[in-house]
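**Q** Here it is: the structure, laid out below.
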Amino acid sequence: MKRAHRKIFRLNDKIASLESEIGQTSAELEYHRSINADAQEDAAIGNYIDREEAGLTAGDVRRFEKTIATLESKRARLAGKRDGLLAKLDD
């Protein structure tokens, strides 16, 4: 098997791994969004402790969104490498 083929297979494995991680992180994000929505409602009618908790949960949501964006960026970079290798094989 050509070296390029092996690289493509490795890239495909890494891309699949990232997609799995993105799926898991997205599920966790939805969970944290639900908690954040409840915390924001409580903060609107609650006291300073509720507002503090709402700030923390909003931070969790932002952190998960940033993680997903980073993972998607890595996936896109690897897919670009893979596509470049595939284009070379076609030549």
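The way I read the labels, and the way they are meant: chains A, B, ... in the order of the structure tokens, residue 1 as the first residue of every chain, and ligand 1 as the first ligand shown, with later ones counted on from there.
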May I have the residues within 9 Å of Leu71 of chain A as a ChimeraX atom specification, using only C-alpha atoms and disregarding those fewer than 3 positions away in the same chain?
**A** /A:18-19,21-22,66-68,74-76
**Q** Those residues you just picked out, can you put them in a file as a short mmCIF file (atom, residue, chain, number, x, y, z; two decimals), in the first residue's frame with C-alpha atoms?
**A**
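Listing of out.cif after writing:
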```
data_model
loop_
_atom_site.label_atom_id
_atom_site.label_comp_id
_atom_site.auth_asym_id
_atom_site.auth_seq_id
_atom_site.Cartn_x
_atom_site.Cartn_y
_atom_site.Cartn_z
CA LEU A 18 -12.91 13.90 16.47
CA GLU A 19 -16.46 13.46 15.18
CA GLU A 21 -15.74 13.55 20.54
CA ILE A 22 -17.76 16.39 18.99
CA LYS A 66 -15.43 26.86 22.64
CA THR A 67 -14.36 23.22 22.96
CA ILE A 68 -16.71 22.20 20.15
CA LYS A 74 -9.23 20.46 13.97
CA ARG A 75 -11.61 18.23 12.04
CA ALA A 76 -11.80 20.73 9.17
#
```
**Q** Do you know which residues are at most 12 Å from Lys81 of chain A counting only C-alpha atoms, after dropping those on the same chain fewer than 2 positions away, and could you put them as a short mmCIF file (atom, residue, chain, number, x, y, z; two decimals) with C-alpha atoms, in the first residue's frame?
**A**
```
data_model
loop_
_atom_site.label_atom_id
_atom_site.label_comp_id
_atom_site.auth_asym_id
_atom_site.auth_seq_id
_atom_site.Cartn_x
_atom_site.Cartn_y
_atom_site.Cartn_z
CA ALA A 4 -0.34 8.27 0.79
CA LYS A 7 -1.82 8.64 5.59
CA ILE A 8 -5.38 8.90 4.31
CA PHE A 9 -6.47 5.99 6.50
CA ARG A 10 -4.82 7.55 9.55
CA LEU A 11 -6.46 10.89 8.80
CA ASN A 12 -9.84 9.18 8.42
CA LYS A 14 -8.47 10.84 13.45
CA ILE A 15 -11.43 12.56 11.79
CA LYS A 74 -9.23 20.46 13.97
CA ARG A 75 -11.61 18.23 12.04
CA ALA A 76 -11.80 20.73 9.17
CA ARG A 77 -7.98 21.01 9.05
CA LEU A 78 -7.58 17.23 8.92
CA ALA A 79 -10.30 16.91 6.28
CA ASP A 83 -8.75 15.99 0.52
CA GLY A 84 -5.38 17.28 -0.65
CA LEU A 85 -3.94 13.77 -0.50
CA LEU A 86 -6.95 12.37 -2.35
CA ALA A 87 -6.53 14.97 -5.07
CA LYS A 88 -2.87 13.95 -5.48
#
```
**Q** Any idea what's packed within 12 Å of Glu41 of chain A, counting only C-alpha atoms, ignoring anything in its chain fewer than 4 positions away? Could you give it as a tab-separated table (two decimals) with N, CA and C atoms, in the first residue's frame?
**A**
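Wrote selection-v8.tsv, looks like this:
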```tsv
chain	number	residue	atom	x	y	z
A	34	SER	N	-29.42	23.29	29.30
A	34	SER	CA	-30.65	23.09	30.06
A	34	SER	C	-30.48	23.59	31.50
A	35	ILE	N	-29.37	23.23	32.11
A	35	ILE	CA	-29.10	23.70	33.47
A	35	ILE	C	-28.98	25.22	33.49
A	36	ASN	N	-28.32	25.77	32.49
A	36	ASN	CA	-28.14	27.22	32.41
A	36	ASN	C	-29.48	27.93	32.26
A	37	ALA	N	-30.36	27.38	31.45
A	37	ALA	CA	-31.68	28.00	31.27
A	37	ALA	C	-32.43	28.07	32.60
A	45	ILE	N	-35.54	35.84	39.31
A	45	ILE	CA	-36.47	36.07	40.42
A	45	ILE	C	-35.83	35.80	41.78
A	46	GLY	N	-34.56	35.39	41.76
A	46	GLY	CA	-33.91	34.97	43.00
A	46	GLY	C	-33.01	36.01	43.60
A	47	ASN	N	-32.10	35.54	44.43
A	47	ASN	CA	-31.18	36.42	45.13
A	47	ASN	C	-29.79	36.37	44.50
A	50	ASP	N	-28.37	32.95	43.45
A	50	ASP	CA	-28.90	32.46	42.18
A	50	ASP	C	-28.21	33.15	41.00
A	51	ARG	N	-27.95	34.45	41.13
A	51	ARG	CA	-27.28	35.18	40.05
A	51	ARG	C	-25.83	34.69	39.89
A	53	GLU	N	-24.72	31.67	40.61
A	53	GLU	CA	-24.81	30.34	39.98
A	53	GLU	C	-25.12	30.47	38.50
A	54	ALA	N	-25.97	31.42	38.14
A	54	ALA	CA	-26.30	31.63	36.73
A	54	ALA	C	-25.06	32.04	35.94
A	55	GLY	N	-24.21	32.85	36.56
A	55	GLY	CA	-22.96	33.24	35.90
A	55	GLY	C	-22.04	32.05	35.68
A	57	THR	N	-22.97	28.83	35.42
A	57	THR	CA	-23.52	27.92	34.41
A	57	THR	C	-23.37	28.50	33.01
```
**Q** Name the closest residue to Asp38 of chain A among the candidates A:Arg63, A:Arg82, A:Ala16, A:Ala58; distances are taken between atoms, counting only C-alpha atoms.
**A** A:Ala58
**Q** In terms of the shortest atom-to-atom distance over only C-alpha atoms, which of A:Leu56, A:Leu89, A:Ala69, A:Ile49 is closest to Ser26 of chain A?
**A**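 Counting only C-alpha atoms, the residue closest to Ser26 of chain A is A:Ala69.
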**Q** Between atom CA of Glu65 of chain A and atom CA of Leu29 of chain A, what is the distance, to one decimal in Å?
**A** 7.2 Å
**Q** Which distance in Å separates atom CA of Asp13 of chain A and atom CA of Thr25 of chain A, to one decimal?
**A**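 The value is 18.3 Å.
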**Q** Please compute the atom CA of His32 of chain A-atom CA of Tyr48 of chain A distance, one decimal, in Å.
**A** 20.5 Å
